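A.B. asks: To start, I am sharing the structure in question, which I have written as structure tokens.
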Amino acid sequence: MSRWFASRVRAGVVVLLVTVPLTSCAITFDSSTLGVPVTLSSPPGETPEGSRFSVTSRAVYALWGLANLKEPSLRKALAAQLAGGSGVADLKIRVRSRWSDVLITALTAGLIVPRAVTFEGVVLK
């Protein structure tokens with residue numbers, strides 16, 4: 001094998017090792033699909049009035065996070081609560097790996113990568 005080819009292969013491997021962890025398992029949250037205004041925080045000193053919610057759904061990725069098998073949807077999770085609501089305030093989104101997620105990832109050597117996504121906030125009336 002020539003030195004030129006070996007250096008190109010090494011460079012390609014380095015690029016993959018750097019870029020794959022930075023791009024894999026990415027979730028995009030778009031509040032415009034909800035149909036109601038969404039805020040991530042209230043003005044200082046104000047507490048929004050309404051019913052609090054906390055919904056946990058699952059995100060599942062394949063091939064070390066390169067392919068999405070299942071993405072969580074805030075619209076689907078809050079469909080019943082948003083029917084009469086005028087908006088969502090103080091929205092917090094937490095993405096974490098539970099011990100069972102880590103176990104599944106380890107047992108499948110990264111072919112299946114589950115994540116728990118929790119949406120918390122207040123539905124304004």
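Numbering starts fresh at 1 for the residues of each chain in the structure tokens, the chains themselves are lettered A, B, ... in the order given, and ligands are numbered from 1 as they appear.
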Fewer than 5 positions away in the same chain doesn't count, so skip those; otherwise give me all residues within 8 Å of Leu91 of chain A, counting only C-alpha atoms, as a list in words.
C.D. replies: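 Using only C-alpha atoms, the neighbours found are Val38, Thr39, Leu40, Ser41, Phe119, Glu120, Gly121 and Val122 of chain A.
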A.B. asks: With only C-alpha atoms as the counted atoms, please give the residues lying no more than 8 Å from segment 95-100 of chain A, apart from itself and same-chain residues fewer than 4 positions off, as a ChimeraX atom specification.
C.D. replies: /A:104,114-118
A.B. asks: Could you work out how far atom CA of Val88 of chain A lies from atom CA of Asp101 of chain A, giving the answer in Å with one decimal?
C.D. replies: 29.0 Å
A.B. asks: Just to confirm, what's the straight-line distance from atom CA of Leu69 of chain A to atom CA of Leu103 of chain A in Å (one decimal)?
C.D. replies: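 So the answer is 18.1 Å.
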A.B. asks: When you draw a straight line from atom CA of Arg94 of chain A to atom CA of Glu71 of chain A, how long is it in Å?
C.D. replies: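 Interatomic distance, atom CA of Arg94 of chain A to atom CA of Glu71 of chain A: 13.8 Å.
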A.B. asks: As a list in words, please: the residues near Ser42 of chain A (cut-off 10 Å, only C-alpha atoms, same-chain neighbours under 6 positions excluded).
C.D. replies: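 The neighbour list is Pro48, Ala89, Asp90 and Leu91 of chain A.
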A.B. asks: Mind dumping the selected residues with N, CA, C and O atoms as an mmCIF file, in the first residue's frame?
C.D. replies:
data_model
loop_
_atom_site.group_PDB
_atom_site.id
_atom_site.type_symbol
_atom_site.label_atom_id
_atom_site.label_comp_id
_atom_site.auth_asym_id
_atom_site.auth_seq_id
_atom_site.Cartn_x
_atom_site.Cartn_y
_atom_site.Cartn_z
ATOM 1 N N PRO A 48 -46.202 31.868 35.286
ATOM 2 C CA PRO A 48 -47.347 31.626 34.400
ATOM 3 C C PRO A 48 -48.431 30.817 35.112
ATOM 4 O O PRO A 48 -48.140 29.927 35.910
ATOM 5 N N ALA A 89 -45.845 27.830 28.236
ATOM 6 C CA ALA A 89 -44.824 28.684 28.842
ATOM 7 C C ALA A 89 -43.842 27.834 29.639
ATOM 8 O O ALA A 89 -44.163 26.726 30.056
ATOM 9 N N ASP A 90 -42.669 28.377 29.835
ATOM 10 C CA ASP A 90 -41.605 27.734 30.625
ATOM 11 C C ASP A 90 -41.299 26.321 30.138
ATOM 12 O O ASP A 90 -41.144 25.391 30.932
ATOM 13 N N LEU A 91 -41.195 26.146 28.835
ATOM 14 C CA LEU A 91 -40.927 24.828 28.271
ATOM 15 C C LEU A 91 -39.475 24.429 28.534
ATOM 16 O O LEU A 91 -38.552 25.191 28.269
#
A.B. asks: Please provide as a PyMOL selection string all residues within 8 Å of Gly65 of chain A, with the sequence filter that same-chain residues fewer than 2 positions apart are discarded (counting only C-alpha atoms).
C.D. replies: chain A and resi 24-25+61-63+67-68+110-113
A.B. asks: Identify which of the residues A:Arg75, A:Arg8, A:Lys92, A:Lys70 lies closest to Val36 of chain A, counting only C-alpha atoms when measuring atom-to-atom distances.
C.D. replies: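 Among A:Arg75, A:Arg8, A:Lys92, A:Lys70, it is A:Arg75 that comes nearest to Val36 of chain A.
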A.B. asks: Considering only C-alpha atoms, can you say which of A:Leu66, A:Val102, A:Ser86, A:Ser73 comes closest to Glu49 of chain A?
C.D. replies: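 For Glu49 of chain A, the nearest of the candidates is A:Ser86.
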